[in-house]
Every structure is written in structure tokens, then in C-alpha cells.
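Undergrad: Just so it is clear, I am handing over target-v3.pdb, which has PDB, C-alpha atoms.
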ATOM      1  CA  MET A   1       9.933 -12.456  12.279
ATOM      2  CA  THR A   2       8.453  -9.749  14.449
ATOM      3  CA  THR A   3       8.680  -8.936  18.092
ATOM      4  CA  ASN A   4       5.005  -8.950  18.927
ATOM      5  CA  THR A   5       2.978 -12.104  19.094
ATOM      6  CA  GLN A   6      -0.115 -12.513  16.997
ATOM      7  CA  THR A   7      -3.148 -12.500  19.181
ATOM      8  CA  PRO A   8      -5.943 -14.626  17.744
ATOM      9  CA  THR A   9      -8.304 -13.078  20.280
ATOM     10  CA  LYS A  10     -11.293 -11.620  18.514
ATOM     11  CA  LEU A  11     -11.656  -7.903  18.993
ATOM     12  CA  TYR A  12     -15.142  -6.503  19.659
ATOM     13  CA  PHE A  13     -16.441  -2.971  19.175
ATOM     14  CA  GLU A  14     -17.063  -2.732  22.915
ATOM     15  CA  ASP A  15     -13.419  -3.618  23.672
ATOM     16  CA  VAL A  16     -12.048  -0.546  21.932
ATOM     17  CA  GLN A  17     -12.033   2.996  23.329
ATOM     18  CA  VAL A  18     -10.986   6.260  21.723
ATOM     19  CA  GLY A  19      -7.389   6.903  22.747
ATOM     20  CA  ASP A  20      -6.471   3.205  22.856
ATOM     21  CA  GLU A  21      -3.093   2.346  21.418
ATOM     22  CA  ILE A  22      -2.699  -0.469  18.924
ATOM     23  CA  PRO A  23      -0.073  -3.004  20.116
ATOM     24  CA  LYS A  24       3.101  -1.818  18.380
ATOM     25  CA  LEU A  25       4.982  -3.820  15.777
ATOM     26  CA  VAL A  26       8.779  -3.695  15.563
ATOM     27  CA  LYS A  27      10.231  -5.087  12.343
ATOM     28  CA  GLU A  28      13.670  -6.547  11.731
ATOM     29  CA  PRO A  29      16.265  -4.202  10.176
ATOM     30  CA  ILE A  30      15.721  -3.611   6.450
ATOM     31  CA  THR A  31      18.012  -5.841   4.398
ATOM     32  CA  HIS A  32      18.859  -5.843   0.715
ATOM     33  CA  LEU A  33      17.381  -9.346   0.523
ATOM     34  CA  ARG A  34      14.048  -8.104   1.884
ATOM     35  CA  LEU A  35      13.889  -5.439  -0.830
ATOM     36  CA  VAL A  36      14.712  -7.958  -3.562
ATOM     37  CA  ARG A  37      11.999 -10.249  -2.219
ATOM     38  CA  TYR A  38       9.523  -7.400  -2.015
ATOM     39  CA  ALA A  39      10.317  -6.361  -5.588
ATOM     40  CA  GLY A  40       9.580  -9.895  -6.778
ATOM     41  CA  ALA A  41       6.445 -10.347  -4.720
ATOM     42  CA  SER A  42       4.899  -6.945  -5.488
ATOM     43  CA  GLY A  43       6.071  -6.692  -9.085
ATOM     44  CA  ASP A  44       7.654  -3.275  -8.450
ATOM     45  CA  PHE A  45      11.008  -3.697 -10.151
ATOM     46  CA  ASN A  46      11.973  -0.022 -10.144
ATOM     47  CA  PRO A  47      15.770  -0.474  -9.810
ATOM     48  CA  LEU A  48      16.179   2.369  -7.315
ATOM     49  CA  HIS A  49      15.011  -0.149  -4.686
ATOM     50  CA  THR A  50      17.562  -2.832  -5.532
ATOM     51  CA  ASP A  51      20.493  -1.252  -7.402
ATOM     52  CA  HIS A  52      22.590   1.254  -5.454
ATOM     53  CA  ARG A  53      24.048   2.712  -8.683
ATOM     54  CA  ILE A  54      20.620   4.068  -9.676
ATOM     55  CA  GLY A  55      20.178   5.860  -6.372
ATOM     56  CA  GLU A  56      23.587   7.487  -6.771
ATOM     57  CA  MET A  57      22.734   8.488 -10.341
ATOM     58  CA  ILE A  58      19.366  10.116  -9.595
ATOM     59  CA  GLY A  59      20.415  11.679  -6.303
ATOM     60  CA  THR A  60      18.456   9.648  -3.772
ATOM     61  CA  GLY A  61      21.796   8.289  -2.516
ATOM     62  CA  GLY A  62      22.044   4.501  -2.349
ATOM     63  CA  ILE A  63      19.148   2.118  -2.122
ATOM     64  CA  ILE A  64      15.803   3.219  -0.737
ATOM     65  CA  ALA A  65      13.083   0.802   0.350
ATOM     66  CA  HIS A  66       9.775   0.529  -1.487
ATOM     67  CA  GLY A  67       7.302   2.842   0.234
ATOM     68  CA  MET A  68       4.752   0.085  -0.198
ATOM     69  CA  LEU A  69       6.884  -2.272   1.900
ATOM     70  CA  ILE A  70       6.649   0.191   4.789
ATOM     71  CA  MET A  71       2.899   0.531   4.184
ATOM     72  CA  GLY A  72       2.890  -3.285   4.210
ATOM     73  CA  PHE A  73       4.433  -3.221   7.697
ATOM     74  CA  VAL A  74       1.667  -0.858   8.846
ATOM     75  CA  GLY A  75      -0.824  -3.173   7.125
ATOM     76  CA  GLN A  76       0.574  -5.995   9.250
ATOM     77  CA  LEU A  77       0.008  -3.895  12.380
ATOM     78  CA  LEU A  78      -3.659  -3.474  11.387
ATOM     79  CA  SER A  79      -4.022  -7.068  10.262
ATOM     80  CA  ASP A  80      -2.751  -8.259  13.646
ATOM     81  CA  TYR A  81      -5.126  -5.866  15.406
ATOM     82  CA  VAL A  82      -8.457  -6.220  13.572
ATOM     83  CA  GLY A  83      -7.821  -8.826  10.846
ATOM     84  CA  PRO A  84      -7.695  -8.041   7.110
ATOM     85  CA  ALA A  85     -11.426  -8.521   6.424
ATOM     86  CA  ALA A  86     -12.388  -5.855   8.982
ATOM     87  CA  LEU A  87     -10.602  -3.034   7.172
ATOM     88  CA  ARG A  88     -12.788  -0.628   5.204
ATOM     89  CA  LYS A  89     -10.233   2.065   4.444
ATOM     90  CA  PHE A  90      -6.482   2.442   4.783
ATOM     91  CA  ASP A  91      -4.451   5.344   3.476
ATOM     92  CA  VAL A  92      -0.942   6.617   4.011
ATOM     93  CA  ARG A  93       1.322   9.465   3.069
ATOM     94  CA  PHE A  94       4.987   8.647   2.463
ATOM     95  CA  LYS A  95       6.994  11.138   4.513
ATOM     96  CA  GLY A  96      10.580   9.977   4.268
ATOM     97  CA  MET A  97      12.866   7.480   2.592
ATOM     98  CA  THR A  98      13.723   4.233   4.338
ATOM     99  CA  ARG A  99      17.230   2.852   3.889
ATOM    100  CA  LEU A 100      19.100  -0.369   4.538
ATOM    101  CA  ASP A 101      19.487  -1.284   8.244
ATOM    102  CA  ASP A 102      16.647   1.013   9.321
ATOM    103  CA  VAL A 103      14.497  -0.508  12.053
ATOM    104  CA  ILE A 104      10.853   0.318  11.484
ATOM    105  CA  THR A 105       8.339   0.476  14.321
ATOM    106  CA  CYS A 106       4.628   0.715  13.534
ATOM    107  CA  THR A 107       2.190   2.278  15.978
ATOM    108  CA  GLY A 108      -1.393   3.459  15.968
ATOM    109  CA  THR A 109      -4.080   5.120  18.054
ATOM    110  CA  ILE A 110      -7.871   4.919  17.949
ATOM    111  CA  THR A 111      -9.367   8.334  17.193
ATOM    112  CA  GLU A 112     -13.076   7.608  16.632
ATOM    113  CA  LYS A 113     -15.826   5.102  17.365
ATOM    114  CA  TYR A 114     -19.161   5.255  15.566
ATOM    115  CA  GLU A 115     -21.953   3.323  13.878
ATOM    116  CA  GLU A 116     -22.353   3.286  10.115
ATOM    117  CA  ASN A 117     -24.555   1.104   7.907
ATOM    118  CA  GLY A 118     -25.522  -0.851  11.011
ATOM    119  CA  GLU A 119     -21.887  -1.689  11.737
ATOM    120  CA  GLY A 120     -19.679  -0.673  14.628
ATOM    121  CA  ARG A 121     -16.699   1.190  13.246
ATOM    122  CA  ILE A 122     -13.415   2.436  14.581
ATOM    123  CA  ALA A 123     -11.065   4.919  12.963
ATOM    124  CA  GLY A 124      -7.486   5.585  13.864
ATOM    125  CA  LYS A 125      -4.120   7.072  13.044
ATOM    126  CA  VAL A 126      -1.131   4.902  12.188
ATOM    127  CA  GLN A 127       2.507   5.573  11.536
ATOM    128  CA  ALA A 128       5.868   3.970  10.888
ATOM    129  CA  THR A 129       9.033   5.479  12.325
ATOM    130  CA  ASP A 130      12.694   4.511  12.181
ATOM    131  CA  GLN A 131      15.205   4.002  14.994
ATOM    132  CA  ASN A 132      15.706   7.797  15.234
ATOM    133  CA  GLY A 133      12.008   8.521  15.512
ATOM    134  CA  ASP A 134      11.820   9.898  11.955
ATOM    135  CA  VAL A 135       8.375   9.318  10.463
ATOM    136  CA  LYS A 136       8.418   7.317   7.238
ATOM    137  CA  VAL A 137       4.727   6.732   6.759
ATOM    138  CA  ALA A 138       1.682   8.334   8.391
ATOM    139  CA  GLY A 139      -1.894   7.436   7.684
ATOM    140  CA  THR A 140      -5.396   6.605   8.802
ATOM    141  CA  PHE A 141      -7.706   3.616   8.730
ATOM    142  CA  VAL A 142     -11.331   2.660   9.265
ATOM    143  CA  ALA A 143     -12.351  -0.822  10.369
ATOM    144  CA  THR A 144     -15.600  -2.515  11.244
ATOM    145  CA  LEU A 145     -15.848  -4.535  14.441
ATOM    146  CA  PRO A 146     -18.567  -6.930  15.600
ATOM    147  CA  HIS A 147     -20.723  -6.134  18.618
ATOM    148  CA  LYS A 148     -20.746  -8.427  21.611
ATOM    149  CA  GLU A 149     -23.914 -10.502  21.876
TER
ATOM    150  CA  MET B   1      17.044  22.852 -22.500
ATOM    151  CA  GLN B   2      13.804  24.539 -21.511
ATOM    152  CA  ARG B   3      12.029  22.774 -24.310
ATOM    153  CA  SER B   4      13.090  19.253 -23.380
ATOM    154  CA  LYS B   5      12.081  19.985 -19.798
ATOM    155  CA  GLU B   6       8.600  20.962 -20.981
ATOM    156  CA  GLU B   7       8.367  17.759 -22.928
ATOM    157  CA  SER B   8       9.221  15.642 -19.905
ATOM    158  CA  MET B   9       6.428  17.216 -17.865
ATOM    159  CA  PHE B  10       3.136  15.585 -17.132
ATOM    160  CA  ASP B  11       0.565  16.496 -19.757
ATOM    161  CA  THR B  12      -2.389  17.994 -17.842
ATOM    162  CA  SER B  13      -4.706  17.316 -20.781
ATOM    163  CA  LYS B  14      -4.478  13.669 -19.646
ATOM    164  CA  ILE B  15      -6.506  14.399 -16.488
ATOM    165  CA  GLY B  16      -9.740  12.417 -16.651
ATOM    166  CA  GLN B  17      -8.267   9.934 -19.080
ATOM    167  CA  SER B  18      -8.797   6.248 -18.308
ATOM    168  CA  PHE B  19      -6.413   3.545 -19.445
ATOM    169  CA  SER B  20      -7.480   0.234 -20.970
ATOM    170  CA  PRO B  21      -9.049  -2.139 -18.433
ATOM    171  CA  PHE B  22      -6.824  -4.971 -17.182
ATOM    172  CA  THR B  23      -7.780  -8.238 -15.532
ATOM    173  CA  ILE B  24      -6.027 -10.267 -12.882
ATOM    174  CA  GLU B  25      -6.827 -13.507 -11.111
ATOM    175  CA  VAL B  26      -6.355 -13.417  -7.338
ATOM    176  CA  GLU B  27      -3.933 -16.199  -6.411
ATOM    177  CA  ARG B  28      -3.278 -17.873  -3.084
ATOM    178  CA  GLY B  29       0.427 -18.249  -3.901
ATOM    179  CA  LYS B  30       0.781 -14.545  -4.585
ATOM    180  CA  ILE B  31      -0.841 -13.608  -1.250
ATOM    181  CA  HIS B  32       1.564 -16.006   0.496
ATOM    182  CA  GLU B  33       4.555 -14.551  -1.361
ATOM    183  CA  LEU B  34       3.690 -10.934  -0.535
ATOM    184  CA  ALA B  35       3.173 -11.754   3.160
ATOM    185  CA  LEU B  36       6.561 -13.525   3.171
ATOM    186  CA  ALA B  37       8.209 -10.487   1.600
ATOM    187  CA  ILE B  38       6.660  -8.182   4.216
ATOM    188  CA  GLY B  39       7.689 -10.623   6.948
ATOM    189  CA  ASP B  40       4.117 -11.249   8.108
ATOM    190  CA  ASP B  41       4.024 -14.818   9.350
ATOM    191  CA  ASN B  42       0.335 -14.827  10.305
ATOM    192  CA  PRO B  43      -0.737 -18.325   9.175
ATOM    193  CA  ILE B  44      -3.964 -17.041   7.593
ATOM    194  CA  TYR B  45      -1.863 -15.734   4.680
ATOM    195  CA  HIS B  46       0.102 -18.934   4.232
ATOM    196  CA  SER B  47      -2.350 -21.794   4.675
ATOM    197  CA  GLN B  48      -5.902 -22.280   3.482
ATOM    198  CA  GLU B  49      -6.530 -24.519   6.483
ATOM    199  CA  ALA B  50      -5.357 -21.892   8.953
ATOM    200  CA  ALA B  51      -7.408 -19.228   7.177
ATOM    201  CA  GLN B  52     -10.549 -21.356   7.337
ATOM    202  CA  ALA B  53      -9.905 -22.204  10.979
ATOM    203  CA  ALA B  54      -9.799 -18.458  11.630
ATOM    204  CA  GLY B  55     -13.176 -18.004   9.958
ATOM    205  CA  TYR B  56     -12.168 -16.928   6.443
ATOM    206  CA  LYS B  57     -13.572 -18.564   3.297
ATOM    207  CA  ASP B  58     -10.007 -18.962   1.994
ATOM    208  CA  VAL B  59      -6.656 -17.191   2.365
ATOM    209  CA  PRO B  60      -7.598 -13.489   2.675
ATOM    210  CA  LEU B  61      -5.941 -10.631   0.845
ATOM    211  CA  SER B  62      -3.550  -8.730   3.117
ATOM    212  CA  PRO B  63      -4.182  -4.968   3.550
ATOM    213  CA  THR B  64      -1.608  -3.992   0.917
ATOM    214  CA  GLY B  65      -2.279  -7.026  -1.304
ATOM    215  CA  PRO B  66      -3.849  -4.791  -3.969
ATOM    216  CA  THR B  67      -0.396  -3.418  -4.829
ATOM    217  CA  THR B  68       0.311  -6.669  -6.678
ATOM    218  CA  PHE B  69      -2.765  -6.182  -8.887
ATOM    219  CA  GLY B  70      -1.448  -2.939 -10.315
ATOM    220  CA  PHE B  71       2.053  -4.206 -11.042
ATOM    221  CA  TRP B  72       1.383  -7.808 -12.071
ATOM    222  CA  GLY B  73      -2.070  -7.312 -13.580
ATOM    223  CA  ASN B  74      -1.095  -4.277 -15.559
ATOM    224  CA  PRO B  75       2.444  -4.688 -16.892
ATOM    225  CA  GLY B  76       1.751  -1.968 -19.476
ATOM    226  CA  ARG B  77       1.365   0.668 -16.752
ATOM    227  CA  GLY B  78       4.936   1.912 -17.103
ATOM    228  CA  LYS B  79       4.391   2.689 -20.780
ATOM    229  CA  GLU B  80       1.059   4.388 -20.051
ATOM    230  CA  LEU B  81       2.791   6.697 -17.588
ATOM    231  CA  VAL B  82       5.557   7.452 -20.090
ATOM    232  CA  ASP B  83       2.907   8.298 -22.688
ATOM    233  CA  ALA B  84       1.344  10.726 -20.181
ATOM    234  CA  GLY B  85       4.714  12.523 -19.991
ATOM    235  CA  ILE B  86       5.948  10.970 -16.754
ATOM    236  CA  ASN B  87       9.615  10.081 -16.294
ATOM    237  CA  VAL B  88       9.259   6.745 -14.476
ATOM    238  CA  MET B  89      12.880   6.798 -13.291
ATOM    239  CA  ARG B  90      12.126   9.874 -11.199
ATOM    240  CA  ILE B  91       8.950   8.730  -9.528
ATOM    241  CA  LEU B  92       8.582   8.838  -5.774
ATOM    242  CA  HIS B  93       5.484   7.482  -4.127
ATOM    243  CA  GLY B  94       3.561  10.231  -2.331
ATOM    244  CA  GLU B  95       0.347   8.668  -1.073
ATOM    245  CA  GLU B  96      -1.574   5.418  -1.308
ATOM    246  CA  GLU B  97      -5.188   4.798  -0.350
ATOM    247  CA  TYR B  98      -7.374   1.694  -0.326
ATOM    248  CA  GLU B  99     -11.119   1.434   0.041
ATOM    249  CA  TYR B 100     -12.134  -2.170   0.618
ATOM    250  CA  LEU B 101     -15.688  -2.502  -0.663
ATOM    251  CA  SER B 102     -16.282  -6.277  -0.710
ATOM    252  CA  PRO B 103     -14.276  -9.368   0.242
ATOM    253  CA  ILE B 104     -11.655 -10.571  -2.277
ATOM    254  CA  TYR B 105     -10.535 -14.209  -2.307
ATOM    255  CA  PRO B 106      -8.309 -16.482  -4.393
ATOM    256  CA  GLY B 107      -9.950 -17.443  -7.669
ATOM    257  CA  ASP B 108     -11.695 -14.085  -8.076
ATOM    258  CA  ILE B 109     -11.140 -12.495 -11.461
ATOM    259  CA  LEU B 110     -10.796  -8.747 -11.044
ATOM    260  CA  THR B 111     -11.032  -6.083 -13.705
ATOM    261  CA  GLY B 112      -9.306  -2.799 -12.963
ATOM    262  CA  VAL B 113      -9.785   0.531 -14.669
ATOM    263  CA  THR B 114      -7.255   3.243 -13.910
ATOM    264  CA  THR B 115      -8.092   6.918 -14.371
ATOM    265  CA  ILE B 116      -5.834   9.939 -13.923
ATOM    266  CA  ILE B 117      -7.908  12.014 -11.479
ATOM    267  CA  SER B 118      -5.542  14.924 -10.845
ATOM    268  CA  GLY B 119      -2.182  16.284 -11.852
ATOM    269  CA  LYS B 120      -0.311  19.501 -11.258
ATOM    270  CA  HIS B 121       3.116  21.027 -11.642
ATOM    271  CA  ARG B 122       4.760  22.469  -8.592
ATOM    272  CA  GLN B 123       7.802  24.722  -8.389
ATOM    273  CA  GLY B 124      10.228  24.058  -5.552
ATOM    274  CA  ARG B 125      11.908  26.899  -3.649
ATOM    275  CA  ASP B 126      15.256  25.878  -5.132
ATOM    276  CA  GLY B 127      13.904  26.308  -8.665
ATOM    277  CA  SER B 128      13.361  22.594  -9.181
ATOM    278  CA  SER B 129       9.977  21.493 -10.418
ATOM    279  CA  MET B 130       7.870  18.443  -9.881
ATOM    280  CA  ASP B 131       4.632  16.906 -11.058
ATOM    281  CA  ILE B 132       2.130  15.478  -8.598
ATOM    282  CA  VAL B 133      -0.186  12.982 -10.260
ATOM    283  CA  THR B 134      -3.016  10.959  -8.704
ATOM    284  CA  THR B 135      -4.540   7.897 -10.318
ATOM    285  CA  GLU B 136      -7.578   5.966  -9.174
ATOM    286  CA  THR B 137      -8.171   2.318  -9.981
ATOM    287  CA  ARG B 138     -11.601   0.774  -9.511
ATOM    288  CA  TYR B 139     -11.833  -2.985  -9.391
ATOM    289  CA  THR B 140     -14.884  -5.142 -10.038
ATOM    290  CA  ASN B 141     -15.029  -8.920  -9.687
ATOM    291  CA  GLN B 142     -16.403 -11.657 -11.968
ATOM    292  CA  ASN B 143     -19.921 -10.941 -10.636
ATOM    293  CA  ASN B 144     -19.602  -7.302 -11.643
ATOM    294  CA  GLN B 145     -19.497  -6.307  -8.001
ATOM    295  CA  GLN B 146     -17.322  -3.357  -6.965
ATOM    296  CA  VAL B 147     -14.721  -4.788  -4.598
ATOM    297  CA  LEU B 148     -11.933  -2.265  -4.294
ATOM    298  CA  SER B 149     -10.971   1.289  -5.060
ATOM    299  CA  THR B 150      -7.353   2.451  -4.850
ATOM    300  CA  ARG B 151      -5.800   5.891  -5.207
ATOM    301  CA  SER B 152      -2.135   6.425  -5.732
ATOM    302  CA  THR B 153      -0.266   9.728  -5.772
ATOM    303  CA  ILE B 154       3.152   9.901  -7.331
ATOM    304  CA  VAL B 155       5.647  12.735  -7.268
ATOM    305  CA  VAL B 156       7.830  13.084 -10.346
ATOM    306  CA  ARG B 157      10.923  15.222  -9.881
ATOM    307  CA  GLU B 158      11.933  16.938 -13.102
TER
END
Kindly transcribe the structure held in the file into C-alpha cells.
TA:
Amino acid sequence: MTTNTQTPTKLYFEDVQVGDEIPKLVKEPITHLRLVRYAGASGDFNPLHTDHRIGEMIGTGGIIAHGMLIMGFVGQLLSDYVGPAALRKFDVRFKGMTRLDDVITCTGTITEKYEENGEGRIAGKVQATDQNGDVKVAGTFVATLPHKE
Amino acid sequence: MQRSKEESMFDTSKIGQSFSPFTIEVERGKIHELALAIGDDNPIYHSQEAAQAAGYKDVPLSPTGPTTFGFWGNPGRGKELVDAGINVMRILHGEEEYEYLSPIYPGDILTGVTTIISGKHRQGRDGSSMDIVTTETRYTNQNNQQVLSTRSTIVVRE
């Protein structure tokens, strides 16, 4: 479903340096079916994500994707990188609307490395952009990583 | 006209107000379904065996898994927003933030309490106006342990 392979390799605090890039994640083009599925799975049935007539009525113009789906893509990037249990904080700002056929690429960079509560932590910036380089979602995260023995 | 516009605005006296607590059981099937919808085929989200082989107690919650708690665990949320003067048809999502405080696994029973923590009107340059409202939801599990805190900012175009 995605172009990068999941690496089961365990990531250690010592493996990560400030400035490192997170292996990017390129998603398949957004389809109407994906939005219908996401509506059902998330429980967000706001019709502006599935019914083009609503978008025309309220001026967003056609169907727009759930912002949370795009955050979900970025969540997948982080899940592939550190695993879901390592995340301590994850926040995003929704910067632009995503439409059908958009191809979303998620990227991230490590900005900080520190110790807190006896744990090794990394912090970074993440974002999701479309095929034109327009930013859809930008955010930050904090994760805890184990030390090497 | 002016009057009906006023009435559709977010009522700032609602800041600090908490809604009724809601409970939700964390389900393996729901985690699987959300990962499918996102297109995340990592086996830890789809098989208990794979999750355990990877060192998890059970299928873990994906990073944005908490979004299902708000919608499925709290079906009355739409009405609560309407009562606070928010036109739900004109909502755009502005920001979303998760603080993961303790592990969450299938079978956990979570209780969420949502509070409106800020809200303001903003006038656009073109004369349009919008409300920016932030809610925070704090979740505790069946052992009364704080497991998750989420903040969500919505933009309501008038």
C-alpha cells in the first residue's frame, strides 16, 4: 500500500542524530473509496468528506479529505520509524485542503535529542505535502527511545 | 441578518465548560479498521500474534487511533457543539494534538471528559468572521490512570 518498506529494525537513542531525516512515506493517490472507508473507521461522517454536493454548497469546492486522514498518514510515518508505543506527543496544524487524486508524501526531521525522566527522547518536525509541494499538515512529535546496552 | 449571525456564533461564556463524561472500550477490530482506512499495513495493527511477536502486549493503538474515541465514544458531541453555538456544517479542523501518557490496549475501558479550553471570534480581511475553538479531552482507564490527553482546534466559518 505504500512505497517504503516497514523496517522491523529496532531504533536506539544512540542511532539517531539531530538533523537526521525520517525515511519518507509516499501514499497512494487519494480516492473517494479511501475517504468513505476513513469516514466509517473514524466515525467522522461529516458529509463534506464524502458528498461533493456539500462542498459545492458551502464553498469548499468538491470533496475534501478528512484532515485526520492526512494526520493518520503522518502517524504512519512515525509508527514506521519509532513504533506507536514510543510516541509521547504528536501534534499537527492543518494548513491546506487535500482533494481527490492528491498524492501525499510524509517527511520528518529530528530537531532535538535529550534525556527526560530517565528516558532518551527525540523530538522532530513532520509534514505532509502534495504532488505540487503544497503543505497540507505540519507538526511536531516527541518519542522515547531505548539506550543501547 | 446581523442578529442571526450573532446567534450562530460561538458563545464565549462556554469557555471552561466540561461536557458529560463518555466511556469507550478499546477494540482490536476498530484499531485494525482504522489502520486499513489509513492504508497502514503494518501487521502489528492487524494481528495480535504479530503484535506480540513485535513485543507488544496486544495490538497497539496507532498514533491517531484516539480520533475514533471522540467520534464513536461520544456520538452526542455534534449536539454539544451545536448547543455551544457552533455550526457543525462549517467546521474546518485547525489543529490536533495528542499526549500519550500511558499504554492503551484492547479491552481497556476509557472515560473521556471534554472541556472547552479556549474560543475566540476573528474577523477576516474580507469582512468574513470565524470562531476558533479549542477543546481538550482527558482520558483515564479502568484503573483510574491518566492515559491520554487530546486537544483539538476547530475553525468555524460564519
Undergrad: Mind running chain A against chain B at 6 Å and telling me each contacting residue's nearest atom pair with the distance in Å (one decimal), counting only C-alpha atoms, chain and number ascending, as JSON lines?
TA:
{"residue": "A:Arg37", "atom": "CA", "partner": "B:Ala37", "partner_atom": "CA", "distance": 5.4}
{"residue": "A:Tyr38", "atom": "CA", "partner": "B:Ala37", "partner_atom": "CA", "distance": 4.9}
{"residue": "A:Ala41", "atom": "CA", "partner": "B:Leu34", "partner_atom": "CA", "distance": 5.0}
{"residue": "A:Ser42", "atom": "CA", "partner": "B:Thr68", "partner_atom": "CA", "distance": 4.7}
{"residue": "A:Gly43", "atom": "CA", "partner": "B:Phe71", "partner_atom": "CA", "distance": 5.1}
{"residue": "A:Gly72", "atom": "CA", "partner": "B:Thr64", "partner_atom": "CA", "distance": 5.6}
{"residue": "A:Gly75", "atom": "CA", "partner": "B:Pro63", "partner_atom": "CA", "distance": 5.2}
{"residue": "A:Pro84", "atom": "CA", "partner": "B:Ser62", "partner_atom": "CA", "distance": 5.8}
{"residue": "A:Arg88", "atom": "CA", "partner": "B:Tyr100", "partner_atom": "CA", "distance": 4.9}
{"residue": "A:Lys89", "atom": "CA", "partner": "B:Glu99", "partner_atom": "CA", "distance": 4.5}
{"residue": "A:Phe90", "atom": "CA", "partner": "B:Tyr98", "partner_atom": "CA", "distance": 5.2}
{"residue": "A:Asp91", "atom": "CA", "partner": "B:Glu97", "partner_atom": "CA", "distance": 3.9}
{"residue": "A:Val92", "atom": "CA", "partner": "B:Glu96", "partner_atom": "CA", "distance": 5.5}
{"residue": "A:Arg93", "atom": "CA", "partner": "B:Glu95", "partner_atom": "CA", "distance": 4.3}
{"residue": "A:Phe94", "atom": "CA", "partner": "B:Gly94", "partner_atom": "CA", "distance": 5.2}
Undergrad: Between atom CA of Leu11 of chain A and atom CA of Leu69 of chain A, what distance in Å does the model show, to one decimal?
TA: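 Atom-to-atom, atom CA of Leu11 of chain A and atom CA of Leu69 of chain A are spaced 25.8 Å apart.
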Undergrad: Please indicate the distance in Å from atom CA of Gly96 of chain A to atom CA of Gly61 of chain A, rounded to one decimal place.
TA: 13.2 Å
Undergrad: Please write as a count of residues only the full residue list that the PyMOL selection byres ((chain A and resi 86) around 8) yields on this file.
TA: 9
Undergrad: Could you check the closest approach to Leu77 of chain A for each of A:Val16, A:Leu33, A:Ile63, A:Cys106 and tell me which residue wins, using all atoms listed in the file?
TA: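 That would be A:Cys106, the residue with the smallest distance to Leu77 of chain A.
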Undergrad: Take the PyMOL selection byres ((chain A and resi 50) around 7), apply it to the structure above, and return the hits as a list of chain:residue names.
TA: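 That selection, the PyMOL selection byres ((chain A and resi 50) around 7), comes back as A:Leu35, A:Val36, A:Pro47, A:Leu48, A:His49, A:Asp51, A:His52, A:Ile63.
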Undergrad: When you look at segment 119-130 of chain B with a cut-off of 10 Å (counting all atoms listed in the file), what residues show up, excluding the ones that are within fewer than 5 positions of it in the same chain? I need them as an MDAnalysis selection string.
TA: chainID B and resid 5 9:16 90:91 135 153:158
Undergrad: Work out how far atom CA of Asn144 of chain B is from atom CA of Ile109 of chain B, in Å to one decimal.
TA: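 That distance, rounded to one decimal, is 9.9 Å.
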Undergrad: Choose the residue, out of A:Ile58, A:Val126, A:Ile110, A:Ala65, that has the smallest atom-to-atom separation from Phe13 of chain A; count all atoms listed in the file.
TA: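 Closest residue, counting all atoms listed in the file: A:Ile110.
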Undergrad: Can you tell me, as a PyMOL selection string, what residues are no more than 7 Å from Val26 of chain B when counting all atoms listed in the file, ignoring any on the same chain fewer than 4 positions away?
TA: chain B and resi 105-109
Undergrad: Might you pull out every residue within 9 Å of Thr114 of chain B, with all atoms listed in the file counted and same-chain residues fewer than 2 positions away left off, and present them as a PyMOL selection string?
TA: chain B and resi 17-22+112+116+135-139
